[in-house]
$ cat data_6.cif   # mmCIF, C-alpha atoms and all ligand atoms
data_coords
loop_
_atom_site.label_atom_id
_atom_site.label_comp_id
_atom_site.auth_asym_id
_atom_site.auth_seq_id
_atom_site.Cartn_x
_atom_site.Cartn_y
_atom_site.Cartn_z
CA MET A 934 0.00 0.00 0.00
CA LYS A 935 2.92 2.32 0.79
CA ARG A 936 4.12 1.89 -2.78
CA VAL A 937 0.69 2.89 -4.11
CA ILE A 938 0.59 6.04 -1.99
CA CYS A 939 4.10 6.88 -3.15
CA LEU A 940 3.15 6.37 -6.82
CA VAL A 941 0.01 8.47 -6.47
CA SER A 942 1.99 11.27 -4.83
CA VAL A 943 4.54 11.22 -7.65
CA LEU A 944 1.75 11.33 -10.25
CA ALA A 945 0.05 14.14 -8.37
CA VAL A 946 3.25 16.21 -8.36
CA VAL A 947 3.78 15.51 -12.09
CA PHE A 948 0.22 16.58 -12.92
CA TRP A 949 0.32 19.72 -10.80
CA THR A 950 3.58 20.90 -12.36
CA LEU A 951 2.98 19.74 -15.95
CA PRO A 952 3.51 22.67 -18.33
CA THR A 953 1.33 23.26 -21.39
CA PHE A 954 2.15 20.53 -23.88
CA ALA A 955 3.78 21.83 -27.05
CA LEU A 956 2.85 19.88 -30.18
CA PRO A 957 5.55 19.95 -32.89
CA ILE A 958 4.11 21.12 -36.23
CA ILE A 959 7.28 20.82 -38.34
CA SER A 960 10.91 19.96 -37.56
CA HIS A 961 14.32 19.62 -39.12
CA ASN A 962 16.77 17.21 -37.49
CA GLY A 963 20.50 16.66 -38.03
CA ALA A 964 21.90 15.94 -41.48
CA LYS A 965 18.56 14.93 -43.01
CA ASP A 966 17.60 16.51 -46.31
CA PRO A 967 14.86 18.99 -45.29
CA THR A 968 12.86 18.19 -48.45
CA THR A 969 12.34 14.67 -47.02
CA GLU A 970 10.99 16.20 -43.79
CA GLY A 971 8.20 18.25 -45.37
CA TRP A 972 10.08 21.50 -46.02
CA SER A 973 10.09 23.25 -49.41
CA PRO A 974 13.24 24.85 -50.85
CA VAL A 975 12.68 28.59 -51.32
CA HIS A 976 14.39 31.92 -51.67
CA ALA A 977 13.22 35.25 -50.32
CA SER A 978 12.86 38.08 -52.77
CA GLY A 979 11.36 41.38 -51.64
CA PHE A 980 10.19 39.62 -48.46
CA GLN A 981 8.20 37.19 -50.59
CA ILE A 982 8.94 33.51 -50.25
CA VAL A 983 9.52 32.25 -53.80
CA PRO A 984 9.79 28.55 -54.76
CA ASN A 985 13.19 27.02 -55.60
CA LEU A 986 16.44 27.49 -53.73
CA GLY A 987 18.18 30.77 -54.57
CA ASN A 988 21.28 31.37 -56.67
CA ASN A 989 24.72 31.22 -55.00
CA VAL A 990 23.32 29.23 -52.11
CA SER A 991 24.81 25.79 -51.47
CA VAL A 992 23.26 23.27 -49.13
CA GLY A 993 24.12 19.80 -47.91
CA PRO A 994 24.66 17.43 -44.99
CA ILE A 995 27.49 17.65 -42.49
CA VAL A 996 28.18 14.85 -40.03
CA GLY A 997 30.05 14.90 -36.73
CA ASP A 998 30.76 18.64 -36.62
CA ASN A 999 31.68 19.32 -32.97
CA GLY A 1000 29.68 16.15 -32.30
CA PHE A 1001 26.62 17.41 -34.19
CA ASP A 1002 25.05 16.48 -37.52
CA ALA A 1003 23.61 19.39 -39.46
CA TRP A 1004 22.27 20.66 -42.76
CA VAL A 1005 24.37 23.52 -44.10
CA VAL A 1006 22.97 26.59 -45.84
CA ASN A 1007 25.84 28.66 -47.27
CA ASP A 1008 24.84 31.93 -48.96
CA SER A 1009 27.74 33.49 -50.89
CA GLY A 1010 25.73 35.83 -53.14
CA THR A 1011 24.76 39.49 -52.77
CA SER A 1012 22.50 39.98 -55.79
CA SER A 1013 18.77 39.70 -56.23
CA GLY A 1014 17.64 36.11 -55.69
CA ASN A 1015 20.82 35.27 -53.75
CA SER A 1016 19.15 33.91 -50.63
CA GLY A 1017 17.70 30.57 -49.85
CA GLY A 1018 16.49 28.09 -47.34
CA TYR A 1019 13.46 26.07 -46.39
CA ALA A 1020 9.86 27.02 -45.68
CA TYR A 1021 6.79 25.28 -44.37
CA SER A 1022 3.36 26.75 -44.97
CA LEU A 1023 1.08 26.69 -41.96
CA THR A 1024 -2.69 26.48 -42.06
CA SER A 1025 -4.53 29.56 -40.81
CA THR A 1026 -5.79 27.41 -37.90
CA GLN A 1027 -2.22 26.51 -36.89
CA ALA A 1028 -1.21 30.19 -37.03
CA THR A 1029 -4.24 31.23 -35.00
CA ASP A 1030 -3.56 28.48 -32.43
CA ALA A 1031 0.06 29.64 -32.18
CA LEU A 1032 -1.01 33.18 -31.27
CA THR A 1033 -3.93 32.06 -29.08
CA HIS A 1034 -2.23 29.28 -27.08
CA GLY A 1035 1.46 30.08 -27.56
CA PHE A 1036 4.29 28.76 -29.69
CA THR A 1037 7.97 27.88 -29.46
CA LEU A 1038 10.37 28.40 -32.37
CA SER A 1039 13.63 26.55 -31.65
CA THR A 1040 16.91 26.09 -33.44
CA ARG A 1041 20.29 24.63 -32.60
CA LEU A 1042 22.87 25.90 -35.04
CA LYS A 1043 26.44 26.94 -35.58
CA ASN A 1044 27.45 30.10 -37.38
CA PRO A 1045 30.97 28.95 -38.34
CA ASN A 1046 32.33 32.22 -39.75
CA SER A 1047 34.08 34.77 -37.58
CA ASN A 1048 33.34 38.44 -38.08
CA ASP A 1049 30.02 37.93 -39.83
CA THR A 1050 28.66 41.04 -38.17
CA SER A 1051 26.26 42.25 -40.85
CA LEU A 1052 22.72 41.74 -39.56
CA GLY A 1053 20.77 39.46 -41.84
CA SER A 1054 21.37 36.31 -43.82
CA ILE A 1055 21.29 33.44 -41.31
CA LEU A 1056 17.89 33.40 -39.67
CA VAL A 1057 14.89 31.44 -38.48
CA ASN A 1058 11.41 32.94 -38.48
CA PHE A 1059 7.68 32.46 -38.07
CA ASP A 1060 5.63 34.87 -40.19
CA THR A 1061 1.89 35.19 -39.65
CA GLY A 1062 1.42 37.55 -42.63
CA THR A 1063 1.15 40.60 -40.33
CA LYS A 1064 3.71 39.74 -37.62
CA ARG A 1065 7.15 38.21 -37.90
CA TYR A 1066 9.03 36.54 -35.05
CA ASN A 1067 12.63 36.04 -36.07
CA MET A 1068 16.08 35.22 -34.79
CA PHE A 1069 19.05 36.54 -36.81
CA PHE A 1070 22.51 35.05 -36.25
CA THR A 1071 25.83 36.88 -36.55
CA SER A 1072 29.30 36.51 -35.03
CA ASN A 1073 32.05 38.81 -33.81
CA ALA A 1074 35.80 38.74 -34.57
CA GLN A 1075 36.31 35.95 -32.02
CA GLY A 1076 33.50 33.90 -33.57
CA ASP A 1077 31.23 34.43 -30.54
CA PRO A 1078 27.63 34.06 -31.75
CA THR A 1079 25.04 36.81 -31.38
CA VAL A 1080 21.30 36.24 -31.73
CA THR A 1081 19.22 39.29 -32.60
CA LEU A 1082 15.44 39.58 -32.41
CA PHE A 1083 15.00 41.78 -35.45
CA ASP A 1084 12.08 44.21 -35.36
CA GLY A 1085 13.49 47.15 -37.29
CA GLY A 1086 13.53 49.15 -34.04
CA SER A 1087 15.39 48.32 -30.85
CA ASN A 1088 16.51 44.92 -32.24
CA PRO A 1089 17.36 43.38 -28.85
CA SER A 1090 20.27 40.94 -28.98
CA PHE A 1091 22.32 38.57 -26.86
CA THR A 1092 25.95 37.50 -27.37
CA LEU A 1093 27.48 34.33 -25.96
CA ASN A 1094 30.74 36.01 -25.04
CA GLY A 1095 33.96 33.99 -25.06
CA VAL A 1096 32.57 30.75 -26.48
CA GLY A 1097 33.75 31.02 -30.11
CA PRO A 1098 31.95 29.25 -32.98
CA GLY A 1099 29.78 26.33 -31.87
CA TYR A 1100 26.34 24.79 -31.69
CA HIS A 1101 23.86 26.38 -29.28
CA LEU A 1102 20.14 26.08 -28.65
CA TYR A 1103 18.04 29.21 -29.20
CA GLU A 1104 14.33 29.22 -28.37
CA LEU A 1105 11.76 31.93 -28.98
CA VAL A 1106 8.77 31.33 -26.69
CA PHE A 1107 5.54 33.27 -27.31
CA ASP A 1108 3.26 34.02 -24.36
CA PRO A 1109 -0.33 34.71 -25.54
CA SER A 1110 -1.25 36.39 -22.24
CA THR A 1111 1.15 39.25 -23.01
CA SER A 1112 1.44 38.79 -26.80
CA THR A 1113 5.21 38.97 -26.43
CA ALA A 1114 8.05 36.51 -26.89
CA SER A 1115 11.02 35.58 -24.71
CA LEU A 1116 14.39 34.37 -25.92
CA PHE A 1117 16.06 31.42 -24.21
CA VAL A 1118 19.68 30.55 -25.03
CA GLU A 1119 20.76 27.11 -23.82
CA GLY A 1120 17.65 27.11 -21.63
CA ILE A 1121 18.36 30.44 -19.92
CA GLU A 1122 15.98 33.37 -20.49
CA ARG A 1123 17.97 36.26 -21.94
CA ILE A 1124 15.37 38.59 -23.48
CA SER A 1125 11.73 39.00 -22.46
CA GLY A 1126 8.71 41.04 -23.51
CA TRP A 1127 9.67 41.23 -27.20
CA PRO A 1128 6.64 42.23 -29.32
CA GLY A 1129 7.85 40.91 -32.69
CA ARG A 1130 7.94 42.84 -35.94
CA ASN A 1131 4.97 44.28 -37.80
CA VAL A 1132 5.05 43.25 -41.45
CA SER A 1133 2.72 43.17 -44.42
CA SER A 1134 4.21 40.29 -46.32
CA GLY A 1135 0.80 39.60 -47.81
CA GLN A 1136 1.34 35.87 -47.85
CA GLY A 1137 0.07 33.00 -45.81
CA PRO A 1138 1.66 32.02 -42.49
CA TYR A 1139 4.92 30.10 -42.76
CA VAL A 1140 8.06 29.04 -40.90
CA PHE A 1141 11.40 29.69 -42.63
CA TRP A 1142 15.06 28.89 -41.95
CA GLY A 1143 18.24 29.28 -43.96
CA SER A 1144 19.56 32.50 -45.43
CA GLY A 1145 16.94 35.20 -45.88
CA GLN A 1146 18.93 38.08 -47.35
CA ASP A 1147 19.75 38.63 -51.01
CA ASN A 1148 22.35 41.32 -50.30
CA ASP A 1149 24.11 39.66 -47.37
CA THR A 1150 26.18 36.48 -47.08
CA GLY A 1151 26.60 33.90 -44.34
CA GLU A 1152 26.67 30.26 -43.40
CA GLY A 1153 24.42 28.42 -40.98
CA ARG A 1154 24.81 24.82 -39.90
CA TYR A 1155 21.36 23.82 -38.73
CA ASN A 1156 21.28 20.84 -36.36
CA LEU A 1157 17.68 21.47 -35.30
CA VAL A 1158 14.69 23.59 -36.25
CA THR A 1159 11.33 23.02 -34.57
CA PHE A 1160 8.07 24.96 -34.54
CA SER A 1161 5.66 23.85 -31.83
CA VAL A 1162 2.21 25.11 -30.93
CA ASN A 1163 0.72 24.70 -27.46
CA THR A 1164 -2.27 22.43 -27.27
CA ALA A 1165 -3.96 23.97 -24.25
CA PRO A 1166 -4.67 27.50 -23.04
CA ASN A 1167 -1.90 29.11 -21.06
CA PRO A 1168 -1.61 28.65 -18.10
CA ALA A 1169 -2.21 24.90 -18.28
CA PRO A 1170 -5.41 23.75 -16.56
CA VAL A 1171 -4.78 22.04 -13.22
CA PRO A 1172 -6.62 18.72 -12.69
CA GLU A 1173 -9.36 18.73 -10.06
CA PRO A 1174 -8.48 16.92 -6.81
CA SER A 1175 -11.35 14.50 -7.62
CA THR A 1176 -9.56 13.57 -10.88
CA LEU A 1177 -6.44 12.74 -8.89
CA LEU A 1178 -8.49 10.67 -6.44
CA LEU A 1179 -10.04 8.73 -9.32
CA LEU A 1180 -6.61 8.22 -10.85
CA GLY A 1181 -5.27 7.09 -7.48
CA SER A 1182 -8.03 4.51 -6.92
CA GLY A 1183 -7.61 3.24 -10.51
CA LEU A 1184 -3.92 2.80 -9.92
CA ALA A 1185 -4.53 1.03 -6.61
CA LEU A 1186 -6.83 -1.40 -8.42
CA VAL A 1187 -4.23 -2.07 -11.10
CA VAL A 1188 -1.50 -2.66 -8.51
CA GLY A 1189 -3.86 -4.89 -6.53
CA PHE A 1190 -4.62 -6.99 -9.59
CA GLY A 1191 -0.94 -7.15 -10.43
CA ARG A 1192 -0.17 -8.56 -6.99
CA ARG A 1193 -2.94 -11.13 -7.19
CA TRP A 1194 -1.71 -12.15 -10.66
CA ARG A 1195 1.78 -12.84 -9.33
CA ARG A 1196 0.53 -15.20 -6.62
CA CA B 1201 22.67 36.55 -50.03
CA CA B 1202 25.77 37.83 -42.76
#
$ encode --input "data_6.cif" --output "structure tokens"
Amino acid sequence: MKRVICLVSVLAVVFWTLPTFALPIISHNGAKDPTTEGWSPVHASGFQIVPNLGNNVSVGPIVGDNGFDAWVVNDSGTSSGNSGGYAYSLTSTQATDALTHGFTLSTRLKNPNSNDTSLGSILVNFDTGTKRYNMFFTSNAQGDPTVTLFDGGSNPSFTLNGVGPGYHLYELVFDPSTSTASLFVEGIERISGWPGRNVSSGQGPYVFWGSGQDNDTGEGRYNLVTFSVNTAPNPAPVPEPSTLLLLGSGLALVVGFGRRWRR
């Protein structure tokens, strides 16, 4: 019986502290070709996502880079159409859910070049058609990565000082109760209350990663890209004590049966 009480207490703690569950909508993982994961190759011209990978953009797998597998997007062109990456079109319901219940846009990447200080090029974004939530990646002379939340205004940023080039996890978490996003780097909140950027791209909602600038160059090694939408209102509903009691008695029954079975 002690074991049952212990199990029920553990379950109760898990249920009471369970955060809102984030359902992945689309992901890129490791050295997999993104076109086999549901992404479409695109380039960005005049802030319009246009089919087919752009000119002077090379892509491909990389394995065992600092212990990570990745898909490289290397943009070496500065003319019109010289940008490229991968996009996934969202349904209007998915976009509405993202803004109503919350979303998380995550990436783990390496920006291998030192002194790529020009803002632009390597980026990940979620565009609703009227709002854009994006992370731009640059690096200083030592290769330390900087992530910038580009909004055409204050452009808040965070630099991982003293680490040099390497893979790091960047997460943009949208809170529908404040309609702002927070930036987490390696799990630590670094920027909060960011409102995103007003845009009028005039196209359907999408998620994009790669190189988004015709007139800028850069290389991104993408180990991970994930866009998740929360399934429940924020904050997560807490189960009624009666639900826990029911769960507890159900569990007790199961354990009881299990014991009888063993005899
Ligand atoms: Ca370019
Ligand atoms: Ca650049």
$ residues_near_ligand --input "data_6.cif" --ligand "ligand CA 1201 (chain B)" --cutoff "12 Å" --atoms "all atoms listed in the file" --output "compact mmCIF listing (two decimals) with C-alpha atoms, in the coordinates of the input"
# COMPACT_ATOMS: atom_id res chain seq x y z
CA HIS A 976 14.39 31.92 -51.67
CA ALA A 977 13.22 35.25 -50.32
CA SER A 978 12.86 38.08 -52.77
CA LEU A 986 16.44 27.49 -53.73
CA GLY A 987 18.18 30.77 -54.57
CA ASN A 988 21.28 31.37 -56.67
CA ASN A 989 24.72 31.22 -55.00
CA VAL A 990 23.32 29.23 -52.11
CA SER A 991 24.81 25.79 -51.47
CA VAL A 1006 22.97 26.59 -45.84
CA ASN A 1007 25.84 28.66 -47.27
CA ASP A 1008 24.84 31.93 -48.96
CA SER A 1009 27.74 33.49 -50.89
CA GLY A 1010 25.73 35.83 -53.14
CA THR A 1011 24.76 39.49 -52.77
CA SER A 1012 22.50 39.98 -55.79
CA SER A 1013 18.77 39.70 -56.23
CA GLY A 1014 17.64 36.11 -55.69
CA ASN A 1015 20.82 35.27 -53.75
CA SER A 1016 19.15 33.91 -50.63
CA GLY A 1017 17.70 30.57 -49.85
CA GLY A 1018 16.49 28.09 -47.34
CA SER A 1051 26.26 42.25 -40.85
CA LEU A 1052 22.72 41.74 -39.56
CA GLY A 1053 20.77 39.46 -41.84
CA SER A 1054 21.37 36.31 -43.82
CA ILE A 1055 21.29 33.44 -41.31
CA LEU A 1056 17.89 33.40 -39.67
CA GLY A 1143 18.24 29.28 -43.96
CA SER A 1144 19.56 32.50 -45.43
CA GLY A 1145 16.94 35.20 -45.88
CA GLN A 1146 18.93 38.08 -47.35
CA ASP A 1147 19.75 38.63 -51.01
CA ASN A 1148 22.35 41.32 -50.30
CA ASP A 1149 24.11 39.66 -47.37
CA THR A 1150 26.18 36.48 -47.08
CA GLY A 1151 26.60 33.90 -44.34
CA GLU A 1152 26.67 30.26 -43.40
$ closest_residue --input "data_6.cif" --among "A:Ser960, A:Ser973, A:Ser1022, A:Asn1073" --to "ligand CA 1202 (chain B)" --atoms "all atoms listed in the file"
A:Asn1073
$ atom_distance --input "data_6.cif" --atom1 "CA of Arg1123 in chain A" --atom2 "CA of Ser1039 in chain A"
14.4 Å
$ closest_residue --input "data_6.cif" --among "A:Ala955, A:Asn1131, A:Phe1001, A:Ala1020" --to "Thr968 in chain A" --atoms "only C-alpha atoms"
A:Ala1020
$ closest_residue --input "data_6.cif" --among "A:Gly1062, A:Gly1097, A:Pro1089, A:Pro1138" --to "Asp1077 in chain A" --atoms "only C-alpha atoms"
A:Gly1097
$ residues_near_point --input "data_6.cif" --point "(7.5, 29.9, -38.3)" --cutoff "9 Å" --atoms "only C-alpha atoms" --output "number ranges by chain"
A: 1020-1023, 1028, 1038, 1057-1061, 1065-1067, 1138-1142, 1159-1160
$ closest_residue --input "data_6.cif" --among "A:Asp1002, A:Asp1049, A:Asp1030, A:Asp966" --to "ligand CA 1202 (chain B)" --atoms "all atoms listed in the file"
A:Asp1049
$ closest_residue --input "data_6.cif" --among "A:Gly971, A:Gly1086, A:Gly1035, A:Gly963" --to "Ile995 in chain A" --atoms "all atoms listed in the file"
A:Gly963
$ atom_distance --input "data_6.cif" --atom1 "CA of Ala1114 in chain A" --atom2 "CA of Gly1126 in chain A"
5.7 Å
$ atom_distance --input "data_6.cif" --atom1 "CA of Gly1000 in chain A" --atom2 "CA of Asn1156 in chain A"
10.4 Å
$ residues_around --input "data_6.cif" --residues "Val1096 in chain A" --least-positions-apart "4" --cutoff "10 Å" --atoms "all atoms listed in the file" --output "PyMOL selection string"
chain A and resi 1075-1078+1092
$ residues_around --input "data_6.cif" --residues "range 1103-1113 of chain A" --least-positions-apart "6" --cutoff "8 Å" --atoms "only C-alpha atoms" --output "list in words"
Leu1032, Thr1033, His1034, Gly1035, Phe1036, Thr1037, Leu1038, Ser1039, Thr1040, Arg1041, Met1068, Glu1119, Gly1120, Ser1125, Gly1126, Trp1127, Pro1128, Gly1129 and Asn1167 of chain A
$ closest_residue --input "data_6.cif" --among "A:Ile1124, A:Ser1087, A:Thr1071, A:Gly1135" --to "ligand CA 1202 (chain B)" --atoms "only C-alpha atoms and all ligand atoms"
A:Thr1071
$ residues_around --input "data_6.cif" --residues "Lys965 in chain A" --least-positions-apart "5" --cutoff "12 Å" --atoms "only C-alpha atoms" --output "ChimeraX atom specification"
/A:960,970-972,992-996,1002-1005,1155-1158
